[in-house]
Structure formats: C-alpha cells, structure tokens
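Asker: First, the structure itself, so that you have it in front of you.
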Amino acid sequence: MTAPTYKRVLLKVSGEALMGARDYGLDNATVAAIAQDVKGVVELGTEVCLVIGGGNIFRGIAGAASGMDRAQADGMGMLATVMNALAMQSALEKIGVVTRVQSAVPMASVCEPFIRRRAIRHMEKGRVVIFAGGTGNPFFTTDTAAALRAAEMGCDALLKGTQVDGIYAADPRKNPQAERYDTLTYLDVLARDLAVMDAAAISLARENKLPIIVFNIHEPGAFTAVMRGEGRFTTVVEH
C-alpha cells in the first residue's frame, strides 16, 4: 500500500454532493459511498477531518435572495449542515469508523461544541472529526469554514470534493471545451474568478500556505487515490 502524501487533511464536502441524483435532501447511497472513501483514507494512516455544507437542505444566500434576513437565513443554513454531519457520522460509524461531530453552533444534546484542542486530540486518536455549523457566523460560507478549520487543525492540505475532476475555466458540464487546469496559484484562482471556492477561503488558504486539492468526490476511491498522489485532480499552491 502506497504511503499517503499527507499526514492530516481536511475534506470539504458540499451539501449538493450528498444529494446524488436527487433534487433535494440526502441520498443514502451517496453518503455511504463517500463514507467508504473516507474510511479508505483513514486506513492509509492519514488523520481526517471534514467540513460539511448544507446546500442540499437550505442555502442562506438563496433565502436572503427571496426576501429573508440574511443573518437569519444563514442561521438556518448552519442548522442544515448539522443534519448532514449527523448523517455522515451515522454512515461512517456503520462501517466501523469512530467519529465525533463538533458544531460551531452549540447543541449539546446531539454533538460536541467546537473546541480546537479537543478536535486535534480526537484526530490524534484516529477519530474522524466532522465540523458542522460553518464558522458559527452569518455571511461566511462553509468553504471559508473549511479553510479556517484546516488552518486551525494544522492540516497539510485542504481537499474539496466536487462534481468534476478538478478546476476548469468554465463548468465542463455546460461547456465541454472548457480548459482544465492541473495546477494553479491562489492568485490565478482569484484573478480569473474561478468559482471553485469563495475569495475569503482562497485568501485564508494562501495566508496559511495551505494547498487546496480539487477532485471528483463521486469517483469511487478518488479521495484515497489523491492521498497517494494518483488520479485526476487540480492543486492550488503558492507557485
């Protein structure tokens, strides 16, 4: 078995990635497949934490666009991420992966509050930590939460599982001729306005010299392959 490229990583999984072919909510088979891939990486010896989005249930910015107060709408979105995190925890524990869910929005009856040192200790013991509730603040995306938690946890890389196998100049599902990139700099992503993560997340990763690796979360075994430096993915680094 090839040794993993990184010792500790954070995987960002969007809410939409959990929908599978559905238009809304959770697809249990998709959640189970992602959980199996996470287990594969844990078995390589890599310490893993996750940040889960909530867009499959409620997206704060969409609620604000329909007339809701943005802060209230974002609060609803944070609660949606907790629902997804609990679903991922259930899928992981069903296949023997010990997990902890920590939420930036305290709800002690269902999960732990976010405590940085406790989260690091969990990972040192081989547990997968799932971060929910975004940053705990409105107006910040779960992409930014992922960059923040990856920096706080001292991760070697931030991985973003998407619907395609890397970063493209445009959505390849709409434009099959779109250029695909193998490597980019943080400034490339910002200057070209590539919609892989929001600007705050990219800037935070850049400040902390945190590589971002973008790959297709729906490709079986893709997360494990990336950890071995194999498969198709795009890496965002300083140079």
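By convention here, the chains of the structure tokens are called A, B, ... in the order presented, each chain's residues are numbered starting at 1, and ligands are numbered starting at 1 in the order presented.
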DSSP on the backbone, strand (DSSP E) only: what residues of range 6-70 of chain A does that give? Format it as a PyMOL selection string.
Answerer: chain A and resi 8-13+47-52
Asker: For C-alpha atoms, I'd like the residues from the last selection saved as a compact mmCIF listing (two decimals), in the first residue's frame.
Answerer:
```
# COMPACT_ATOMS: atom_id res chain seq x y z
CA ARG A 8 -3.52 15.24 8.28
CA VAL A 9 -6.11 16.58 5.86
CA LEU A 10 -9.48 18.28 5.81
CA LEU A 11 -12.10 17.20 3.29
CA LYS A 12 -14.78 19.72 2.36
CA VAL A 13 -17.99 18.06 1.21
CA GLU A 47 -5.78 11.81 10.09
CA VAL A 48 -9.02 13.11 8.58
CA CYS A 49 -11.49 15.83 9.44
CA LEU A 50 -14.45 17.04 7.37
CA VAL A 51 -16.45 20.20 6.88
CA ILE A 52 -19.98 19.54 5.63
```
Asker: Taking a cut-off of 12 Å and counting only C-alpha atoms, can you build a table that, for each residue of range 20-43 of chain A near range 223-230 of chain A, reports the nearest atom pair and how far apart they are in Å (one decimal), sorted by chain then residue number, as a Markdown table?
Answerer:
```
| residue | atom | partner | partner_atom | distance |
| --- | --- | --- | --- | --- |
| A:Ala33 | CA | A:Phe223 | CA | 11.0 |
| A:Ile34 | CA | A:Phe223 | CA | 8.7 |
| A:Ala35 | CA | A:Phe223 | CA | 10.4 |
| A:Gln36 | CA | A:Thr224 | CA | 9.9 |
| A:Asp37 | CA | A:Phe223 | CA | 6.1 |
| A:Val38 | CA | A:Phe223 | CA | 7.1 |
| A:Lys39 | CA | A:Thr224 | CA | 8.8 |
| A:Gly40 | CA | A:Thr224 | CA | 6.0 |
| A:Val41 | CA | A:Thr224 | CA | 5.1 |
| A:Val42 | CA | A:Thr224 | CA | 8.9 |
| A:Glu43 | CA | A:Thr224 | CA | 9.4 |
```
Asker: Could those residues be written to a file, using N, CA, C and O atoms, as a PDB file, in the first residue's frame?
Answerer:
```
ATOM      1  N   ALA A  33     -21.224   5.954   0.078  1.00  0.00           N
ATOM      2  CA  ALA A  33     -20.057   5.840  -0.809  1.00  0.00           C
ATOM      3  C   ALA A  33     -18.946   6.792  -0.376  1.00  0.00           C
ATOM      4  O   ALA A  33     -17.763   6.431  -0.371  1.00  0.00           O
ATOM      5  N   ILE A  34     -19.316   8.023  -0.006  1.00  0.00           N
ATOM      6  CA  ILE A  34     -18.316   8.988   0.466  1.00  0.00           C
ATOM      7  C   ILE A  34     -17.697   8.497   1.780  1.00  0.00           C
ATOM      8  O   ILE A  34     -16.487   8.575   1.990  1.00  0.00           O
ATOM      9  N   ALA A  35     -18.537   7.954   2.651  1.00  0.00           N
ATOM     10  CA  ALA A  35     -18.043   7.424   3.927  1.00  0.00           C
ATOM     11  C   ALA A  35     -17.033   6.296   3.689  1.00  0.00           C
ATOM     12  O   ALA A  35     -16.001   6.221   4.369  1.00  0.00           O
ATOM     13  N   GLN A  36     -17.306   5.449   2.716  1.00  0.00           N
ATOM     14  CA  GLN A  36     -16.400   4.335   2.410  1.00  0.00           C
ATOM     15  C   GLN A  36     -15.044   4.866   1.935  1.00  0.00           C
ATOM     16  O   GLN A  36     -13.996   4.321   2.280  1.00  0.00           O
ATOM     17  N   ASP A  37     -15.075   5.935   1.150  1.00  0.00           N
ATOM     18  CA  ASP A  37     -13.842   6.536   0.654  1.00  0.00           C
ATOM     19  C   ASP A  37     -13.049   7.165   1.807  1.00  0.00           C
ATOM     20  O   ASP A  37     -11.812   7.066   1.869  1.00  0.00           O
ATOM     21  N   VAL A  38     -13.760   7.799   2.732  1.00  0.00           N
ATOM     22  CA  VAL A  38     -13.091   8.372   3.908  1.00  0.00           C
ATOM     23  C   VAL A  38     -12.427   7.259   4.721  1.00  0.00           C
ATOM     24  O   VAL A  38     -11.288   7.397   5.181  1.00  0.00           O
ATOM     25  N   LYS A  39     -13.124   6.139   4.869  1.00  0.00           N
ATOM     26  CA  LYS A  39     -12.557   5.000   5.597  1.00  0.00           C
ATOM     27  C   LYS A  39     -11.258   4.534   4.947  1.00  0.00           C
ATOM     28  O   LYS A  39     -10.284   4.213   5.638  1.00  0.00           O
ATOM     29  N   GLY A  40     -11.240   4.513   3.612  1.00  0.00           N
ATOM     30  CA  GLY A  40     -10.035   4.103   2.897  1.00  0.00           C
ATOM     31  C   GLY A  40      -8.845   4.987   3.221  1.00  0.00           C
ATOM     32  O   GLY A  40      -7.719   4.504   3.371  1.00  0.00           O
ATOM     33  N   VAL A  41      -9.089   6.282   3.352  1.00  0.00           N
ATOM     34  CA  VAL A  41      -8.003   7.221   3.676  1.00  0.00           C
ATOM     35  C   VAL A  41      -7.552   7.043   5.122  1.00  0.00           C
ATOM     36  O   VAL A  41      -6.356   7.072   5.422  1.00  0.00           O
ATOM     37  N   VAL A  42      -8.499   6.826   6.030  1.00  0.00           N
ATOM     38  CA  VAL A  42      -8.151   6.575   7.426  1.00  0.00           C
ATOM     39  C   VAL A  42      -7.271   5.325   7.531  1.00  0.00           C
ATOM     40  O   VAL A  42      -6.296   5.294   8.279  1.00  0.00           O
ATOM     41  N   GLU A  43      -7.600   4.302   6.732  1.00  0.00           N
ATOM     42  CA  GLU A  43      -6.823   3.052   6.763  1.00  0.00           C
ATOM     43  C   GLU A  43      -5.417   3.231   6.194  1.00  0.00           C
ATOM     44  O   GLU A  43      -4.531   2.420   6.461  1.00  0.00           O
TER      45      GLU A  43
END
```
Asker: Enumerate, as an MDAnalysis selection string, the complete set of residues in chain A that a backbone-based DSSP assignment places in helix (DSSP H, G or I).
Answerer: chainID A and resid 16:18 28:43 60:65 70:94 116:124 142:152 186:191 199:207 222:227
Asker: Mind checking which residues fall within 12 Å of Ala191 in chain A, counting only C-alpha atoms, ignoring those fewer than 5 positions away in the same chain, and posting them as number ranges by chain?
Answerer: A: 169, 184-186, 199, 202-203
Asker: Residues as selected, all heavy atoms, written as a PDB file, in the first residue's frame, can you do that?
Answerer:
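Writing done, so here's selection-v2.pdb:
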```pdb
ATOM      1  N   ALA A 169     -11.907  26.260 -16.512  1.00  0.00           N
ATOM      2  CA  ALA A 169     -12.134  27.674 -16.805  1.00  0.00           C
ATOM      3  C   ALA A 169     -13.621  28.012 -16.786  1.00  0.00           C
ATOM      4  O   ALA A 169     -14.010  29.158 -16.537  1.00  0.00           O
ATOM      5  CB  ALA A 169     -11.528  28.037 -18.159  1.00  0.00           C
ATOM      6  N   LEU A 184      -2.637  25.481 -10.237  1.00  0.00           N
ATOM      7  CA  LEU A 184      -2.911  26.920 -10.267  1.00  0.00           C
ATOM      8  C   LEU A 184      -2.287  27.534  -9.020  1.00  0.00           C
ATOM      9  O   LEU A 184      -2.033  26.841  -8.032  1.00  0.00           O
ATOM     10  CB  LEU A 184      -4.421  27.187 -10.250  1.00  0.00           C
ATOM     11  CG  LEU A 184      -5.238  26.861 -11.499  1.00  0.00           C
ATOM     12  CD1 LEU A 184      -6.720  26.820 -11.140  1.00  0.00           C
ATOM     13  CD2 LEU A 184      -4.990  27.894 -12.594  1.00  0.00           C
ATOM     14  N   THR A 185      -2.080  28.845  -9.059  1.00  0.00           N
ATOM     15  CA  THR A 185      -1.710  29.558  -7.841  1.00  0.00           C
ATOM     16  C   THR A 185      -2.981  30.156  -7.237  1.00  0.00           C
ATOM     17  O   THR A 185      -4.009  30.274  -7.913  1.00  0.00           O
ATOM     18  CB  THR A 185      -0.698  30.682  -8.112  1.00  0.00           C
ATOM     19  OG1 THR A 185      -1.351  31.715  -8.876  1.00  0.00           O
ATOM     20  CG2 THR A 185       0.514  30.169  -8.868  1.00  0.00           C
ATOM     21  N   TYR A 186      -2.885  30.545  -5.980  1.00  0.00           N
ATOM     22  CA  TYR A 186      -4.031  31.187  -5.329  1.00  0.00           C
ATOM     23  C   TYR A 186      -4.438  32.443  -6.108  1.00  0.00           C
ATOM     24  O   TYR A 186      -5.626  32.716  -6.307  1.00  0.00           O
ATOM     25  CB  TYR A 186      -3.689  31.577  -3.892  1.00  0.00           C
ATOM     26  CG  TYR A 186      -3.210  30.435  -3.027  1.00  0.00           C
ATOM     27  CD1 TYR A 186      -1.865  30.345  -2.655  1.00  0.00           C
ATOM     28  CD2 TYR A 186      -4.083  29.455  -2.568  1.00  0.00           C
ATOM     29  CE1 TYR A 186      -1.418  29.310  -1.850  1.00  0.00           C
ATOM     30  CE2 TYR A 186      -3.641  28.412  -1.761  1.00  0.00           C
ATOM     31  CZ  TYR A 186      -2.298  28.341  -1.412  1.00  0.00           C
ATOM     32  OH  TYR A 186      -1.856  27.312  -0.620  1.00  0.00           O
ATOM     33  N   ALA A 199     -13.623  33.890  -2.393  1.00  0.00           N
ATOM     34  CA  ALA A 199     -12.359  34.616  -2.254  1.00  0.00           C
ATOM     35  C   ALA A 199     -11.819  34.579  -0.823  1.00  0.00           C
ATOM     36  O   ALA A 199     -10.602  34.505  -0.612  1.00  0.00           O
ATOM     37  CB  ALA A 199     -12.543  36.065  -2.712  1.00  0.00           C
ATOM     38  N   ILE A 202     -10.024  31.242  -0.338  1.00  0.00           N
ATOM     39  CA  ILE A 202      -8.758  31.199  -1.080  1.00  0.00           C
ATOM     40  C   ILE A 202      -7.708  32.058  -0.370  1.00  0.00           C
ATOM     41  O   ILE A 202      -6.551  31.653  -0.207  1.00  0.00           O
ATOM     42  CB  ILE A 202      -8.959  31.690  -2.532  1.00  0.00           C
ATOM     43  CG1 ILE A 202      -9.930  30.771  -3.288  1.00  0.00           C
ATOM     44  CG2 ILE A 202      -7.619  31.783  -3.259  1.00  0.00           C
ATOM     45  CD1 ILE A 202      -9.417  29.373  -3.523  1.00  0.00           C
ATOM     46  N   SER A 203      -8.102  33.236   0.070  1.00  0.00           N
ATOM     47  CA  SER A 203      -7.167  34.140   0.748  1.00  0.00           C
ATOM     48  C   SER A 203      -6.671  33.543   2.057  1.00  0.00           C
ATOM     49  O   SER A 203      -5.482  33.638   2.392  1.00  0.00           O
ATOM     50  CB  SER A 203      -7.835  35.492   1.010  1.00  0.00           C
ATOM     51  OG  SER A 203      -8.175  36.128  -0.208  1.00  0.00           O
TER      52      SER A 203
END
```
Asker: Which one is closest to Leu92 in chain A: A:Val189, A:Ile130, A:Cys155, A:Ala201? Count only C-alpha atoms.
Answerer: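 Distance minimum relative to Leu92 in chain A lands on A:Ile130.
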Asker: Find, counting only C-alpha atoms, the residue in A:Arg100, A:Arg173, A:Lys7, A:Arg206 that gets nearest to Arg118 in chain A.
Answerer: A:Arg100
Asker: Can you tell me which residues surround range 216-218 of chain A at a distance of at most 6 Å, considering only C-alpha atoms, apart from same-chain residues fewer than 5 positions away, and format the answer as a short mmCIF file (atom, residue, chain, number, x, y, z; two decimals) with N, CA, C and O atoms, in the first residue's frame?
Answerer:
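Saved to part_0.cif:
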```cif
data_model
loop_
_atom_site.label_atom_id
_atom_site.label_comp_id
_atom_site.auth_asym_id
_atom_site.auth_seq_id
_atom_site.Cartn_x
_atom_site.Cartn_y
_atom_site.Cartn_z
N GLY A 161 -14.07 18.10 -2.44
CA GLY A 161 -14.73 17.13 -3.32
C GLY A 161 -15.86 17.81 -4.07
O GLY A 161 -16.77 18.36 -3.47
N THR A 162 -15.77 17.80 -5.39
CA THR A 162 -16.76 18.49 -6.22
C THR A 162 -17.43 17.50 -7.18
O THR A 162 -17.26 16.29 -7.07
N GLN A 163 -18.18 18.05 -8.14
CA GLN A 163 -18.89 17.21 -9.11
C GLN A 163 -18.02 16.90 -10.33
O GLN A 163 -18.43 16.09 -11.17
N VAL A 164 -16.85 17.53 -10.45
CA VAL A 164 -15.96 17.30 -11.60
C VAL A 164 -14.53 17.05 -11.11
O VAL A 164 -14.22 17.26 -9.94
N ASP A 165 -13.65 16.63 -12.02
CA ASP A 165 -12.33 16.12 -11.63
C ASP A 165 -11.24 17.18 -11.57
O ASP A 165 -10.10 16.94 -11.96
#
```
Asker: Tell me which of A:Gly25, A:Pro220, A:Gly53, A:Gly96 sits closest to Ala132 in chain A, counting only C-alpha atoms.
Answerer: A:Gly53
Asker: Which neighbours of Gln72 in chain A fall inside 8 Å, counting only C-alpha atoms, when residues of the same chain fewer than 4 positions from it are skipped, and could you give them as number ranges by chain?
Answerer: A: 60, 68, 76, 138
Asker: So that I have them on file, write out the residues from the current selection with all heavy atoms, as a PDB file, in the first residue's frame.
Answerer:
```pdb
ATOM      1  N   GLY A  60     -28.371  29.746   2.789  1.00  0.00           N
ATOM      2  CA  GLY A  60     -28.688  31.054   3.342  1.00  0.00           C
ATOM      3  C   GLY A  60     -28.783  32.152   2.311  1.00  0.00           C
ATOM      4  O   GLY A  60     -29.694  32.979   2.340  1.00  0.00           O
ATOM      5  N   MET A  68     -35.668  36.945   2.821  1.00  0.00           N
ATOM      6  CA  MET A  68     -35.388  36.720   4.239  1.00  0.00           C
ATOM      7  C   MET A  68     -34.220  37.588   4.706  1.00  0.00           C
ATOM      8  O   MET A  68     -33.388  37.979   3.906  1.00  0.00           O
ATOM      9  CB  MET A  68     -35.035  35.244   4.485  1.00  0.00           C
ATOM     10  CG  MET A  68     -36.170  34.276   4.258  1.00  0.00           C
ATOM     11  SD  MET A  68     -35.643  32.580   4.633  1.00  0.00           S
ATOM     12  CE  MET A  68     -35.400  32.699   6.390  1.00  0.00           C
ATOM     13  N   MET A  76     -30.257  29.340   9.467  1.00  0.00           N
ATOM     14  CA  MET A  76     -30.957  28.138   9.011  1.00  0.00           C
ATOM     15  C   MET A  76     -30.015  27.222   8.232  1.00  0.00           C
ATOM     16  O   MET A  76     -30.035  26.001   8.387  1.00  0.00           O
ATOM     17  CB  MET A  76     -32.155  28.532   8.148  1.00  0.00           C
ATOM     18  CG  MET A  76     -33.236  29.268   8.914  1.00  0.00           C
ATOM     19  SD  MET A  76     -34.523  29.943   7.834  1.00  0.00           S
ATOM     20  CE  MET A  76     -35.268  28.438   7.208  1.00  0.00           C
ATOM     21  N   PRO A 138     -22.948  34.338  10.499  1.00  0.00           N
ATOM     22  CA  PRO A 138     -23.554  34.581   9.194  1.00  0.00           C
ATOM     23  C   PRO A 138     -22.567  35.262   8.254  1.00  0.00           C
ATOM     24  O   PRO A 138     -21.537  35.780   8.688  1.00  0.00           O
ATOM     25  CB  PRO A 138     -24.732  35.513   9.521  1.00  0.00           C
ATOM     26  CG  PRO A 138     -24.328  36.200  10.792  1.00  0.00           C
ATOM     27  CD  PRO A 138     -23.525  35.186  11.557  1.00  0.00           C
TER      28      PRO A 138
END
```
Asker: Quote the spacing between CA of Val129 in chain A and CA of Val214 in chain A in Å to one decimal place.
Answerer: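 Interatomic distance, CA of Val129 in chain A to CA of Val214 in chain A: 20.3 Å.
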Asker: For a quick check of understanding, using only C-alpha atoms, which of A:Gly126, A:Gly134, A:Lys94, A:Ser66 has the smallest distance to Leu79 in chain A?
Answerer: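 Result for the nearest residue to Leu79 in chain A: A:Gly134.
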Asker: Near Thr183 in chain A, counting only C-alpha atoms, which residues have an atom at most 9 Å away, once you skip same-chain residues fewer than 3 positions from it, shown as a tab-separated table (two decimals) with N, CA, C and O atoms, in the first residue's frame?
Answerer:
```
chain	number	residue	atom	x	y	z
A	167	ILE	N	-10.34	21.75	-11.47
A	167	ILE	CA	-10.79	23.12	-11.73
A	167	ILE	C	-10.75	23.39	-13.23
A	167	ILE	O	-9.75	23.09	-13.89
A	233	PHE	N	-6.83	15.43	-10.49
A	233	PHE	CA	-7.18	16.48	-9.54
A	233	PHE	C	-6.43	17.75	-9.92
A	233	PHE	O	-5.49	17.70	-10.71
A	234	THR	N	-6.85	18.86	-9.37
A	234	THR	CA	-6.16	20.14	-9.56
A	234	THR	C	-5.62	20.59	-8.20
A	234	THR	O	-6.33	20.53	-7.20
A	235	THR	N	-4.38	21.04	-8.20
A	235	THR	CA	-3.76	21.54	-6.97
A	235	THR	C	-3.57	23.05	-7.05
A	235	THR	O	-3.09	23.56	-8.06
A	236	VAL	N	-3.99	23.74	-5.99
A	236	VAL	CA	-3.78	25.18	-5.89
A	236	VAL	C	-2.73	25.42	-4.81
A	236	VAL	O	-2.91	25.05	-3.65
A	237	VAL	N	-1.59	26.01	-5.23
A	237	VAL	CA	-0.48	26.28	-4.31
A	237	VAL	C	0.08	27.69	-4.58
A	237	VAL	O	-0.38	28.37	-5.49
```
Asker: When you count only C-alpha atoms, which of these residues is closest to Arg232 in chain A: A:Ile213, A:Met123, A:Val82, A:Leu26?
Answerer: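 Closest to Arg232 in chain A, using only C-alpha atoms: A:Ile213.
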Asker: Measuring atom to atom with only C-alpha atoms, identify which of A:Arg117, A:Ala21, A:Leu190, A:Asn137 is nearest to Ala73 in chain A.
Answerer: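 Ranking A:Arg117, A:Ala21, A:Leu190, A:Asn137 by distance to Ala73 in chain A, first place goes to A:Asn137.
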Asker: If you measure from CA of Arg22 in chain A to CA of Leu86 in chain A, what distance in Å do you get, rounded to one decimal?
Answerer: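 Between these atoms lies a distance of 19.1 Å.
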Asker: Near Ala87 in chain A, within 10 Å and counting only C-alpha atoms, which residues show up once chain neighbours fewer than 3 positions away are dropped, as a tab-separated table (two decimals) with all heavy atoms, in the first residue's frame?
Answerer:
```tsv
chain	number	residue	atom	x	y	z
A	18	LEU	N	-24.05	15.48	-1.44
A	18	LEU	CA	-24.76	14.43	-0.72
A	18	LEU	C	-26.12	14.11	-1.32
A	18	LEU	O	-26.78	13.16	-0.90
A	18	LEU	CB	-24.95	14.84	0.76
A	18	LEU	CG	-23.68	15.20	1.53
A	18	LEU	CD1	-24.03	15.61	2.95
A	18	LEU	CD2	-22.69	14.04	1.54
A	26	LEU	N	-30.95	14.20	1.18
A	26	LEU	CA	-29.84	13.26	1.24
A	26	LEU	C	-30.12	12.01	0.43
A	26	LEU	O	-31.22	11.47	0.47
A	26	LEU	CB	-29.58	12.85	2.69
A	26	LEU	CG	-28.97	13.89	3.62
A	26	LEU	CD1	-29.23	13.50	5.07
A	26	LEU	CD2	-27.47	14.00	3.37
A	28	ASN	N	-28.90	8.31	0.55
A	28	ASN	CA	-28.17	7.46	1.47
A	28	ASN	C	-27.03	6.70	0.80
A	28	ASN	O	-25.96	6.51	1.39
A	28	ASN	CB	-29.13	6.47	2.14
A	28	ASN	CG	-30.02	7.14	3.17
A	28	ASN	OD1	-29.65	8.18	3.73
A	28	ASN	ND2	-31.18	6.57	3.43
A	31	VAL	N	-24.09	9.14	0.40
A	31	VAL	CA	-23.44	9.37	1.69
A	31	VAL	C	-22.60	8.16	2.08
A	31	VAL	O	-21.45	8.29	2.52
A	31	VAL	CB	-24.49	9.67	2.78
A	31	VAL	CG1	-23.82	9.82	4.15
A	31	VAL	CG2	-25.27	10.94	2.45
A	32	ALA	N	-23.13	6.96	1.86
A	32	ALA	CA	-22.41	5.74	2.20
A	32	ALA	C	-21.15	5.59	1.35
A	32	ALA	O	-20.10	5.15	1.85
A	32	ALA	CB	-23.32	4.52	2.01
A	81	THR	N	-26.35	22.13	8.00
A	81	THR	CA	-25.05	21.44	7.99
A	81	THR	C	-24.95	20.43	9.14
A	81	THR	O	-24.29	19.40	8.99
A	81	THR	CB	-23.87	22.42	8.08
A	81	THR	OG1	-23.81	23.00	9.39
A	81	THR	CG2	-23.95	23.52	7.04
A	82	VAL	N	-25.60	20.72	10.26
A	82	VAL	CA	-25.57	19.78	11.38
A	82	VAL	C	-26.33	18.50	11.01
A	82	VAL	O	-25.88	17.38	11.30
A	82	VAL	CB	-26.16	20.42	12.65
A	82	VAL	CG1	-26.19	19.40	13.80
A	82	VAL	CG2	-25.34	21.64	13.06
A	83	MET	N	-27.45	18.64	10.34
A	83	MET	CA	-28.21	17.48	9.89
A	83	MET	C	-27.35	16.60	8.97
A	83	MET	O	-27.29	15.37	9.13
A	83	MET	CB	-29.48	17.94	9.16
A	83	MET	CG	-30.45	18.68	10.05
A	83	MET	SD	-31.80	19.46	9.13
A	83	MET	CE	-32.70	18.03	8.56
A	84	ASN	N	-26.65	17.23	8.04
A	84	ASN	CA	-25.78	16.48	7.13
A	84	ASN	C	-24.62	15.82	7.86
A	84	ASN	O	-24.22	14.69	7.55
A	84	ASN	CB	-25.25	17.40	6.03
A	84	ASN	CG	-26.29	17.75	4.99
A	84	ASN	OD1	-27.27	17.04	4.82
A	84	ASN	ND2	-26.09	18.85	4.29
A	90	SER	N	-23.33	8.86	11.00
A	90	SER	CA	-24.03	7.57	11.03
A	90	SER	C	-23.46	6.61	9.98
A	90	SER	O	-23.21	5.43	10.27
A	90	SER	CB	-25.53	7.79	10.78
A	90	SER	OG	-26.21	6.56	10.71
A	91	ALA	N	-23.22	7.13	8.77
A	91	ALA	CA	-22.68	6.29	7.69
A	91	ALA	C	-21.28	5.80	8.01
A	91	ALA	O	-20.93	4.64	7.73
A	91	ALA	CB	-22.69	7.07	6.38
A	92	LEU	N	-20.45	6.66	8.60
A	92	LEU	CA	-19.08	6.28	8.93
A	92	LEU	C	-19.05	5.25	10.06
A	92	LEU	O	-18.32	4.26	10.01
A	92	LEU	CB	-18.27	7.51	9.34
A	92	LEU	CG	-17.80	8.40	8.18
A	92	LEU	CD1	-17.35	9.76	8.71
A	92	LEU	CD2	-16.67	7.74	7.41
```
